[in-house]
Amino acid sequence: MKSLAVPSFRGPADFTVLDLPAPRISRPDHILIKVHAASINPTDIALASGAFKLAVKTPFPIKLGYDVSGTIEAIGDSVTAFKVGDEVFCCLPWEDRGGISEYALTTTSFIVSKPSNLSHVAAASLPLVSLTSLQSFEKISALSTGEEFAGKTVLIPAGLSGVGVVACQMAKTIFGAEKVITTVSTSKIDKVDEVLGRGIVDQVIDYTAANPFQAIPRGSVDILLNTTSEFMSMLPLLRKGTGRIISIKGASGHNIKAVIPNISYPIFLLLNLLAFFRRRRAAARGVKYDDMIQKPSKRDLERISQWAEKGKLKAVVGGIVMLDDLDGLREECKRIGSGKGGRIGKVVIEVVHA
Ligand SMILES: NC(=O)c1ccc[n+]([C@@H]2O[C@H](COP(=O)([O-])OP(=O)(O)OC[C@H]3O[C@@H](n4cnc5c(N)ncnc54)[C@H](OP(=O)(O)O)[C@@H]3O)[C@@H](O)[C@H]2O)c1
């Protein structure tokens, strides 16, 4: 089968589509998915480029992709909740990654029926970024002893990024935030309402401006979802004493270990130390800081699917590339790997089977 995979560490300009054996059912709870669409995330490019090589040993070839939407091709003997031909989507766990392929294999505990109102392309854009947003906000709720978001101001930088398009919607329509503030580059300012719908974002700031955060009064933000590396510059904006930061950049060793159990011990310690200093710096300003790394979860994805079906969460696909368009794949992966954005929402790879 065709698979976006690398035979050795390399940058996106040298990514390859390899012909690899299709995965096979080898456990009673296995499900083999015929992939119709999959999406790319920055972590795919980082993994292939060797950014995690000191943290975890990964055998080659490394197949890429966590987000998948497709039809069930085969099931293991114990699977009763699904049948061959069902339309499903999922976020593959670390050990099953490789969704940007003609076929993907995982267990029934990660698979959910595709939202009935979404195409495979739209469905494939949702899992990883939606799980990230949902689990981040739930972590904040837990951090703030279960307080609701009602009456709260939430700052979500990069509101038209892969994570941002979902996080802004969830903050408003699911968690009930009072005010959502976001940042985008100049050309995207007018696109925010058009893409997310009026009333989702209350204030849009051009992050390329000289002092982007001048537009936000100091001490007025209750919750920051840190989607960029620049949370220190945003710290003064948070309310002293009650402000919360949840960061999806720079996870602690503990949080990574929950997803990648074989993380190397020195890196585990180093990441915990860095997280400790970030927490201390935030605490010095009366703000609670925590980081997170998303975990594939069937229960959470079922909720996301229901929200999509009810129209509370819309999929935002900013680009589609075919799996056999190697130049197109490399171009998109280069752009995503650079962290500079450019697209709106997610880039999805469509897989056409011969
Ligand atoms: N912890 C986790 O579990 C987890 C999960 C998912 C993602 N992440 C991480 O979260 C980050 C975002 O992921 P993504 O999928 O949303 O990325 P993405 O779709 O590639 O988007 C990157 C975005 O960053 C914006 N941007 C670049 N520099 C900025 C700045 N200085 N201020 C504000 N916005 C800026 C760009 O906006 P313009 O186009 O307007 O320039 C673009 O929209 C990545 O580092 C990713 O690895 C972590």
# chains A, B, ... in the order shown; residues from 1 in each chain; ligands from 1
>>> residues_near_ligand(ligand="ligand 1", cutoff="7 Å", atoms="only C-alpha atoms and all ligand atoms", output="ChimeraX atom specification")
/A:41-43,128-129,132,157-164,183-185,188,207,227-228,248-249,251,292-294,336,339-346
>>> select_by_dssp(residues="stretch 113-313 of chain A", states="strand (DSSP E)", output="list of chain:residue names")
A:Ser113, A:Thr153, A:Val154, A:Leu155, A:Ile156, A:Pro157, A:Lys179, A:Val180, A:Ile181, A:Thr182, A:Thr183, A:Val184, A:Gln203, A:Val204, A:Ile205, A:Asp206, A:Ile223, A:Leu224, A:Leu225, A:Asn226, A:Arg244, A:Ile245, A:Ile246, A:Ser247, A:Lys288, A:Tyr289, A:Asp290, A:Asp291
>>> residues_around(residues="A:Ser133", least_positions_apart="5", cutoff="12 Å", atoms="only C-alpha atoms", output="MDAnalysis selection string")
chainID A and resid 126:128 138:140 156 159 162:172 174:175 224:227 246:248 292:295 300:301 304 313
>>> residues_around(residues="stretch 261-275 of chain A", least_positions_apart="5", cutoff="10 Å", atoms="only C-alpha atoms", output="JSON, numbers by chain")
{"A": [52, 53, 54, 55, 56, 57, 94, 250, 251, 252, 253, 254, 255, 256, 280, 281, 289, 290, 291]}
>>> write_last_selection(atoms="N, CA and C atoms", output="mmCIF file, in the first residue's frame")
data_model
loop_
_atom_site.group_PDB
_atom_site.id
_atom_site.type_symbol
_atom_site.label_atom_id
_atom_site.label_comp_id
_atom_site.auth_asym_id
_atom_site.auth_seq_id
_atom_site.Cartn_x
_atom_site.Cartn_y
_atom_site.Cartn_z
ATOM 1 N N PHE A 52 12.400 14.121 17.730
ATOM 2 C CA PHE A 52 12.184 13.367 18.980
ATOM 3 C C PHE A 52 13.203 12.242 19.133
ATOM 4 N N LYS A 53 14.273 12.259 18.298
ATOM 5 C CA LYS A 53 15.114 11.056 18.270
ATOM 6 C C LYS A 53 15.855 10.794 19.583
ATOM 7 N N LEU A 54 16.128 11.851 20.347
ATOM 8 C CA LEU A 54 16.786 11.618 21.634
ATOM 9 C C LEU A 54 15.777 11.159 22.692
ATOM 10 N N ALA A 55 14.506 11.448 22.430
ATOM 11 C CA ALA A 55 13.474 11.139 23.427
ATOM 12 C C ALA A 55 12.939 9.719 23.299
ATOM 13 N N VAL A 56 12.863 9.240 22.064
ATOM 14 C CA VAL A 56 12.239 7.924 21.877
ATOM 15 C C VAL A 56 12.804 7.249 20.620
ATOM 16 N N LYS A 57 13.063 5.949 20.733
ATOM 17 C CA LYS A 57 13.553 5.185 19.572
ATOM 18 C C LYS A 57 12.357 4.786 18.723
ATOM 19 N N TRP A 94 -0.100 6.592 19.387
ATOM 20 C CA TRP A 94 1.309 6.646 18.985
ATOM 21 C C TRP A 94 1.759 5.346 18.318
ATOM 22 N N GLY A 250 5.483 22.479 24.422
ATOM 23 C CA GLY A 250 6.444 22.135 25.454
ATOM 24 C C GLY A 250 5.853 21.333 26.597
ATOM 25 N N ALA A 251 5.514 20.071 26.325
ATOM 26 C CA ALA A 251 4.909 19.229 27.364
ATOM 27 C C ALA A 251 5.956 18.754 28.370
ATOM 28 N N SER A 252 5.500 18.488 29.588
ATOM 29 C CA SER A 252 6.387 17.938 30.620
ATOM 30 C C SER A 252 6.674 16.472 30.301
ATOM 31 N N GLY A 253 7.744 15.954 30.925
ATOM 32 C CA GLY A 253 8.073 14.535 30.766
ATOM 33 C C GLY A 253 6.903 13.654 31.202
ATOM 34 N N HIS A 254 6.260 14.013 32.315
ATOM 35 C CA HIS A 254 5.142 13.212 32.831
ATOM 36 C C HIS A 254 4.035 13.117 31.792
ATOM 37 N N ASN A 255 3.695 14.262 31.183
ATOM 38 C CA ASN A 255 2.597 14.243 30.218
ATOM 39 C C ASN A 255 2.965 13.480 28.952
ATOM 40 N N ILE A 256 4.232 13.589 28.534
ATOM 41 C CA ILE A 256 4.636 12.845 27.326
ATOM 42 C C ILE A 256 4.643 11.340 27.616
ATOM 43 N N ARG A 280 6.959 27.839 37.680
ATOM 44 C CA ARG A 280 7.457 28.797 38.685
ATOM 45 C C ARG A 280 7.346 30.235 38.194
ATOM 46 N N ARG A 281 7.710 30.438 36.894
ATOM 47 C CA ARG A 281 7.667 31.810 36.339
ATOM 48 C C ARG A 281 6.239 32.321 36.299
ATOM 49 N N TYR A 289 0.072 27.587 35.747
ATOM 50 C CA TYR A 289 0.489 27.116 34.426
ATOM 51 C C TYR A 289 0.458 25.598 34.407
ATOM 52 N N ASP A 290 -0.041 25.039 33.326
ATOM 53 C CA ASP A 290 0.072 23.591 33.138
ATOM 54 C C ASP A 290 0.220 23.344 31.637
ATOM 55 N N ASP A 291 0.787 22.201 31.301
ATOM 56 C CA ASP A 291 0.874 21.860 29.878
ATOM 57 C C ASP A 291 0.086 20.582 29.650
#
>>> closest_atom_pairs(of="stretch 117-214 of chain A", to="stretch 348-354 of chain A", cutoff="7 Å", atoms="only C-alpha atoms", output="Markdown table")
| residue | atom | partner | partner_atom | distance |
| --- | --- | --- | --- | --- |
| A:Val121 | CA | A:Val348 | CA | 6.3 |
| A:Ala124 | CA | A:Val348 | CA | 6.9 |
| A:Ser125 | CA | A:Val348 | CA | 6.3 |
>>> atom_distance(atom1="atom CA of A:Ser136", atom2="atom CA of A:Ile100")
25.4 Å
>>> residues_around(residues="A:Glu87", least_positions_apart="6", cutoff="9 Å", atoms="only C-alpha atoms", output="list in words")
Ser69, Gly70, Thr71, Ile72, Val112, Ser113, Lys114, Pro115, Ser116 and His120 of chain A
>>> atom_distance(atom1="atom CA of A:Ser119", atom2="atom CA of A:Gly319")
14.3 Å
>>> closest_residue(among="A:Lys288, A:Arg299, A:Glu95, A:Leu196", to="A:Lys312", atoms="only C-alpha atoms")
A:Leu196
>>> select_by_dssp(residues="stretch 31-137 of chain A", states="alpha helix (DSSP H)", output="ChimeraX atom specification")
/A:42-49,120-124,127-137
>>> atom_distance(atom1="atom CA of A:Asp14", atom2="atom CA of A:Ile40")
15.9 Å
>>> residues_around(residues="A:Ile111", least_positions_apart="2", cutoff="6 Å", atoms="only C-alpha atoms", output="list in words")
Cys90, Thr108 and Ser109 of chain A
>>> write_last_selection(atoms="all heavy atoms", output="PDB file, in the first residue's frame")
ATOM      1  N   CYS A  90     -10.989   8.328  13.466  1.00  0.00           N
ATOM      2  CA  CYS A  90     -10.290   8.147  14.736  1.00  0.00           C
ATOM      3  C   CYS A  90      -8.992   8.943  14.768  1.00  0.00           C
ATOM      4  O   CYS A  90      -8.534   9.455  13.751  1.00  0.00           O
ATOM      5  CB  CYS A  90      -9.974   6.670  14.984  1.00  0.00           C
ATOM      6  SG  CYS A  90      -8.671   6.014  13.979  1.00  0.00           S
ATOM      7  N   THR A 108     -10.428  -1.423  18.436  1.00  0.00           N
ATOM      8  CA  THR A 108     -11.790  -0.884  18.505  1.00  0.00           C
ATOM      9  C   THR A 108     -11.909   0.232  19.535  1.00  0.00           C
ATOM     10  O   THR A 108     -12.761   1.109  19.431  1.00  0.00           O
ATOM     11  CB  THR A 108     -12.800  -2.025  18.790  1.00  0.00           C
ATOM     12  OG1 THR A 108     -14.104  -1.502  18.751  1.00  0.00           O
ATOM     13  CG2 THR A 108     -12.544  -2.676  20.133  1.00  0.00           C
ATOM     14  N   SER A 109     -10.987   0.246  20.518  1.00  0.00           N
ATOM     15  CA  SER A 109     -11.115   1.243  21.597  1.00  0.00           C
ATOM     16  C   SER A 109     -10.758   2.665  21.170  1.00  0.00           C
ATOM     17  O   SER A 109     -10.840   3.584  21.984  1.00  0.00           O
ATOM     18  CB  SER A 109     -10.290   0.831  22.809  1.00  0.00           C
ATOM     19  OG  SER A 109      -9.016   0.452  22.417  1.00  0.00           O
TER      20      SER A 109
END
